[in-house]
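Next up, entry19.json (JSON, C-alpha atoms):
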```json
[["chain", "number", "residue", "atom", "x", "y", "z"],
["A", 1, "GLY", "CA", 112.36, 114.03, 93.36],
["A", 2, "PHE", "CA", 115.50, 111.97, 93.30],
["A", 3, "ARG", "CA", 115.87, 110.15, 96.60],
["A", 4, "ARG", "CA", 119.37, 110.47, 98.00],
["A", 5, "GLY", "CA", 120.07, 112.79, 95.06],
["A", 6, "ILE", "CA", 120.50, 110.03, 92.50],
["A", 7, "CYS", "CA", 118.51, 107.83, 90.14],
["A", 8, "TYR", "CA", 120.91, 104.89, 89.91],
["A", 9, "PRO", "CA", 121.69, 101.90, 92.16],
["A", 10, "TYR", "CA", 124.74, 102.13, 94.39],
["A", 11, "HIS", "CA", 126.55, 100.26, 97.13],
["A", 12, "PRO", "CA", 126.40, 102.22, 100.41],
["A", 13, "PHE", "CA", 129.75, 102.87, 102.06],
["A", 14, "ASN", "CA", 130.45, 101.78, 105.64],
["A", 15, "PHE", "CA", 132.47, 104.57, 107.22],
["A", 16, "ASN", "CA", 133.49, 102.37, 110.18],
["A", 17, "SER", "CA", 135.13, 99.64, 108.11],
["A", 18, "GLY", "CA", 136.18, 101.70, 105.10],
["A", 19, "GLU", "CA", 134.47, 99.15, 102.83],
["A", 20, "PHE", "CA", 131.21, 98.94, 100.99],
["A", 21, "ALA", "CA", 128.37, 97.87, 103.29],
["A", 22, "GLY", "CA", 127.49, 94.76, 101.27],
["A", 23, "LEU", "CA", 124.11, 96.17, 100.33],
["A", 24, "LEU", "CA", 122.66, 97.42, 97.08],
["A", 25, "GLU", "CA", 120.57, 100.57, 97.37],
["A", 26, "ILE", "CA", 118.02, 100.97, 94.59],
["A", 27, "PRO", "CA", 116.63, 104.42, 95.36],
["A", 28, "PRO", "CA", 112.94, 105.03, 94.74],
["A", 29, "ILE", "CA", 112.17, 108.06, 92.62],
["A", 30, "MET", "CA", 108.47, 108.33, 93.34],
["A", 31, "MET", "CA", 105.91, 107.07, 95.81],
["A", 32, "ASP", "CA", 102.16, 107.08, 95.42],
["A", 33, "TYR", "CA", 101.59, 109.89, 97.89],
["A", 34, "SER", "CA", 104.32, 112.09, 96.41],
["A", 35, "LEU", "CA", 102.68, 111.80, 92.99],
["A", 36, "LEU", "CA", 99.33, 112.69, 94.53],
["A", 37, "LEU", "CA", 100.89, 115.92, 95.81],
["A", 38, "ASP", "CA", 102.28, 116.77, 92.34],
["A", 39, "GLY", "CA", 98.99, 118.23, 91.15],
["A", 40, "GLN", "CA", 95.36, 119.01, 91.80],
["A", 41, "SER", "CA", 94.14, 116.59, 89.12],
["A", 42, "ASN", "CA", 95.32, 113.34, 87.60],
["A", 43, "ASN", "CA", 96.09, 115.22, 84.40],
["A", 44, "GLU", "CA", 98.51, 117.50, 86.30],
["A", 45, "ARG", "CA", 99.97, 114.51, 88.15],
["A", 46, "MET", "CA", 100.61, 112.59, 84.93],
["A", 47, "LYS", "CA", 102.31, 115.64, 83.41],
["A", 48, "ALA", "CA", 104.62, 115.66, 86.45],
["A", 49, "PHE", "CA", 105.19, 111.91, 86.09],
["A", 50, "LYS", "CA", 106.06, 112.24, 82.39],
["A", 51, "LYS", "CA", 108.43, 115.14, 83.07],
["A", 52, "ARG", "CA", 110.23, 113.08, 85.71],
["A", 53, "ALA", "CA", 110.35, 110.03, 83.41],
["A", 54, "ILE", "CA", 111.92, 112.09, 80.62],
["A", 55, "SER", "CA", 114.52, 113.49, 83.02],
["A", 56, "ILE", "CA", 115.43, 109.99, 84.28],
["A", 57, "LYS", "CA", 115.71, 108.66, 80.72],
["A", 58, "GLU", "CA", 118.00, 111.54, 79.71],
["A", 59, "LYS", "CA", 120.26, 110.71, 82.65],
["A", 60, "LYS", "CA", 120.16, 106.97, 81.81],
["A", 61, "GLY", "CA", 118.86, 106.29, 85.29],
["A", 62, "LEU", "CA", 116.24, 103.99, 86.77],
["A", 63, "PHE", "CA", 112.74, 105.19, 87.56],
["A", 64, "VAL", "CA", 111.84, 103.14, 90.63],
["A", 65, "ILE", "CA", 108.24, 103.52, 91.81],
["A", 66, "ASP", "CA", 107.24, 102.64, 95.38],
["A", 67, "TRP", "CA", 103.51, 102.01, 95.04],
["A", 68, "HIS", "CA", 101.53, 100.75, 98.05],
["A", 69, "SER", "CA", 98.81, 98.15, 97.58],
["A", 70, "ASP", "CA", 96.15, 100.31, 99.24],
["A", 71, "SER", "CA", 96.61, 102.77, 96.37],
["A", 72, "LEU", "CA", 94.99, 100.16, 94.13],
["A", 73, "SER", "CA", 91.62, 100.53, 95.89],
["A", 74, "ASN", "CA", 88.90, 102.06, 93.76],
["A", 75, "GLY", "CA", 88.52, 105.74, 94.54],
["A", 76, "TYR", "CA", 91.64, 105.93, 96.72],
["A", 77, "MET", "CA", 93.94, 108.86, 96.02],
["A", 78, "ASP", "CA", 91.61, 110.26, 93.37],
["A", 79, "ASN", "CA", 91.80, 106.99, 91.33],
["A", 80, "MET", "CA", 95.32, 108.00, 90.41],
["A", 81, "THR", "CA", 96.58, 104.43, 89.99],
["A", 82, "GLY", "CA", 94.54, 103.91, 86.81],
["A", 83, "SER", "CA", 96.01, 107.04, 85.26],
["A", 84, "LEU", "CA", 99.51, 105.97, 86.21],
["A", 85, "LEU", "CA", 99.04, 102.49, 84.77],
["A", 86, "ASP", "CA", 97.92, 104.05, 81.49],
["A", 87, "GLU", "CA", 101.14, 106.09, 81.37],
["A", 88, "ILE", "CA", 103.28, 103.07, 82.26],
["A", 89, "GLU", "CA", 101.60, 101.11, 79.46],
["A", 90, "LYS", "CA", 102.58, 103.87, 77.00],
["A", 91, "ILE", "CA", 106.16, 103.82, 78.30],
["A", 92, "SER", "CA", 106.29, 100.03, 77.97],
["A", 93, "GLU", "CA", 105.88, 100.43, 74.19],
["A", 94, "ASP", "CA", 109.26, 102.21, 74.08],
["A", 95, "GLU", "CA", 111.73, 99.45, 73.28],
["A", 96, "SER", "CA", 114.55, 101.39, 74.95],
["A", 97, "CYS", "CA", 112.79, 101.13, 78.34],
["A", 98, "TRP", "CA", 113.24, 98.16, 80.61],
["A", 99, "LEU", "CA", 110.26, 97.40, 82.85],
["A", 100, "THR", "CA", 111.35, 94.91, 85.49],
["A", 101, "SER", "CA", 111.47, 93.94, 89.14],
["A", 102, "LEU", "CA", 113.90, 95.09, 91.82],
["A", 103, "SER", "CA", 115.46, 91.63, 91.91],
["A", 104, "GLU", "CA", 116.22, 91.81, 88.18],
["A", 105, "ILE", "CA", 117.81, 95.23, 88.66],
["A", 106, "ALA", "CA", 119.97, 93.84, 91.47],
["A", 107, "ASN", "CA", 120.95, 90.89, 89.29],
["A", 108, "TRP", "CA", 121.86, 93.24, 86.42],
["A", 109, "CYS", "CA", 123.97, 95.42, 88.71],
["A", 110, "ASP", "CA", 125.83, 92.56, 90.35],
["A", 111, "ASN", "CA", 126.30, 90.28, 87.34],
["A", 112, "ILE", "CA", 126.44, 92.58, 84.33],
["A", 113, "ARG", "CA", 126.80, 96.27, 85.13],
["A", 114, "TRP", "CA", 129.57, 96.07, 87.72],
["A", 115, "THR", "CA", 131.53, 93.21, 86.22],
["A", 116, "SER", "CA", 133.85, 93.02, 83.24],
["A", 117, "ALA", "CA", 130.89, 91.77, 81.17],
["A", 118, "GLY", "CA", 129.28, 95.20, 81.55],
["A", 119, "ASP", "CA", 132.29, 97.21, 80.35]]
```
Represent the supplied structure as structure tokens.
Amino acid sequence: GFRRGICYPYHPFNFNSGEFAGLLEIPPIMMDYSLLLDGQSNNERMKAFKKRAISIKEKKGLFVIDWHSDSLSNGYMDNMTGSLLDEIEKISEDESCWLTSLSEIANWCDNIRWTSAGD
């Protein structure tokens, strides 16, 4: 589910100083193993993925996937990576979706979203 209860980047708060900690937390929504546990088949897993993606889009959040390189191995985790890549390809056709890297998200937050340019 939503890590830390949210699907949007935030600056963690430092309780000792009373200031923001100087970090940007971009919470992951899904990891490879958590998706594996979402169903008994890749069809069930992709239904769970799509449901989560729709929920994130409705909330105007970011769907951050933490996918480990060993999950790319043929046969590993029920060959789930191929099914997921097919779904991501379908999502990429939606012009309202932004597929990008974590560094681009951080740049957007710091230079557009949380500045006067983003208002």
For this session: Grab the CA of Tyr10 in chain A to CA of Pro27 in chain A distance for me, in Å with one decimal place.
Result: 8.5 Å
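One finds CA of Ile88 in chain A at 19.4 Å from CA of Gly75 in chain A.
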Problem set entry | Spatial neighbours of Ala21 in chain A, 9 Å, only C-alpha atoms, chain gap at least 5 places, as a VMD selection string | chain A and resid 11 to 15
For this session: Would you mind telling me which residue in A:Tyr76, A:Tyr33, A:Phe49, A:Trp108 lies nearest to Phe63 in chain A when using only C-alpha atoms?
Result: A:Phe49
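As for CA of Glu104 in chain A and CA of Glu58 in chain A, they are spaced 21.5 Å apart.
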Please check which residues have atoms at most 10 Å from (112.7, 103.0, 87.8) in the file's coordinates, counting all atoms listed in the file, and write them as a short mmCIF file (atom, residue, chain, number, x, y, z; two decimals) with C-alpha atoms, keeping the file's coordinate frame.
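Result went into part00.cif, see below:
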```
data_model
loop_
_atom_site.label_atom_id
_atom_site.label_comp_id
_atom_site.auth_asym_id
_atom_site.auth_seq_id
_atom_site.Cartn_x
_atom_site.Cartn_y
_atom_site.Cartn_z
CA CYS A 7 118.51 107.83 90.14
CA TYR A 8 120.91 104.89 89.91
CA ILE A 26 118.02 100.97 94.59
CA PRO A 27 116.63 104.42 95.36
CA PRO A 28 112.94 105.03 94.74
CA ILE A 29 112.17 108.06 92.62
CA MET A 30 108.47 108.33 93.34
CA ALA A 53 110.35 110.03 83.41
CA ILE A 56 115.43 109.99 84.28
CA LYS A 57 115.71 108.66 80.72
CA GLY A 61 118.86 106.29 85.29
CA LEU A 62 116.24 103.99 86.77
CA PHE A 63 112.74 105.19 87.56
CA VAL A 64 111.84 103.14 90.63
CA ILE A 65 108.24 103.52 91.81
CA ASP A 66 107.24 102.64 95.38
CA CYS A 97 112.79 101.13 78.34
CA TRP A 98 113.24 98.16 80.61
CA LEU A 99 110.26 97.40 82.85
CA THR A 100 111.35 94.91 85.49
CA SER A 101 111.47 93.94 89.14
CA LEU A 102 113.90 95.09 91.82
CA ILE A 105 117.81 95.23 88.66
#
```
Exercise. Taking into account only C-alpha atoms, which residue in the set A:Leu35, A:Ile54, A:Ile91, A:Ala48 is nearest to Trp67 in chain A?
Worked result: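 Of all the options, A:Leu35 lies closest to Trp67 in chain A.
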For this session: List the residues sitting within 12 Å of (128.4, 90.9, 93.0) in the file's frame, using all atoms listed in the file, as a list of chain:residue names.
Result: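 Within 12 Å of (128.4, 90.9, 93.0), the protein and nucleic acid residues are A:Tyr10, A:His11, A:Phe20, A:Gly22, A:Leu23, A:Leu24, A:Ala106, A:Asn107, A:Trp108, A:Cys109, A:Asp110, A:Asn111, A:Ile112, A:Arg113, A:Trp114, A:Thr115, A:Ser116.
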Problem set entry | A:Leu85, A:Ser96, A:Met80, A:Ser103 ranked by distance to Asp32 in chain A, top pick (using only C-alpha atoms) |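 Counting only C-alpha atoms, the residue closest to Asp32 in chain A is A:Met80.
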For this session: Excluding Lys47 in chain A and residues on its chain fewer than 5 positions from it, collect all residues at most 12 Å away from it, counting all atoms listed in the file, and give them as a ChimeraX atom specification.
Result: /A:35-36,38-42,52-54,83-84,87
If I wrap all listed atoms of range 44-48 of chain A in a box with edges along x, y and z and add 3 Å on each side, what are its centre and edge lengths in Å to one decimal, as AutoDock Vina command-line options?
```
--center_x 101.6 --center_y 115.0 --center_z 85.8 --size_x 12.1 --size_y 10.9 --size_z 10.7
```
Exercise. Given the choices A:Asp94, A:Asn43, A:Lys60, A:Leu37, which gets closest to Met77 in chain A if the distance is worked out from only C-alpha atoms?
Worked result: A:Leu37
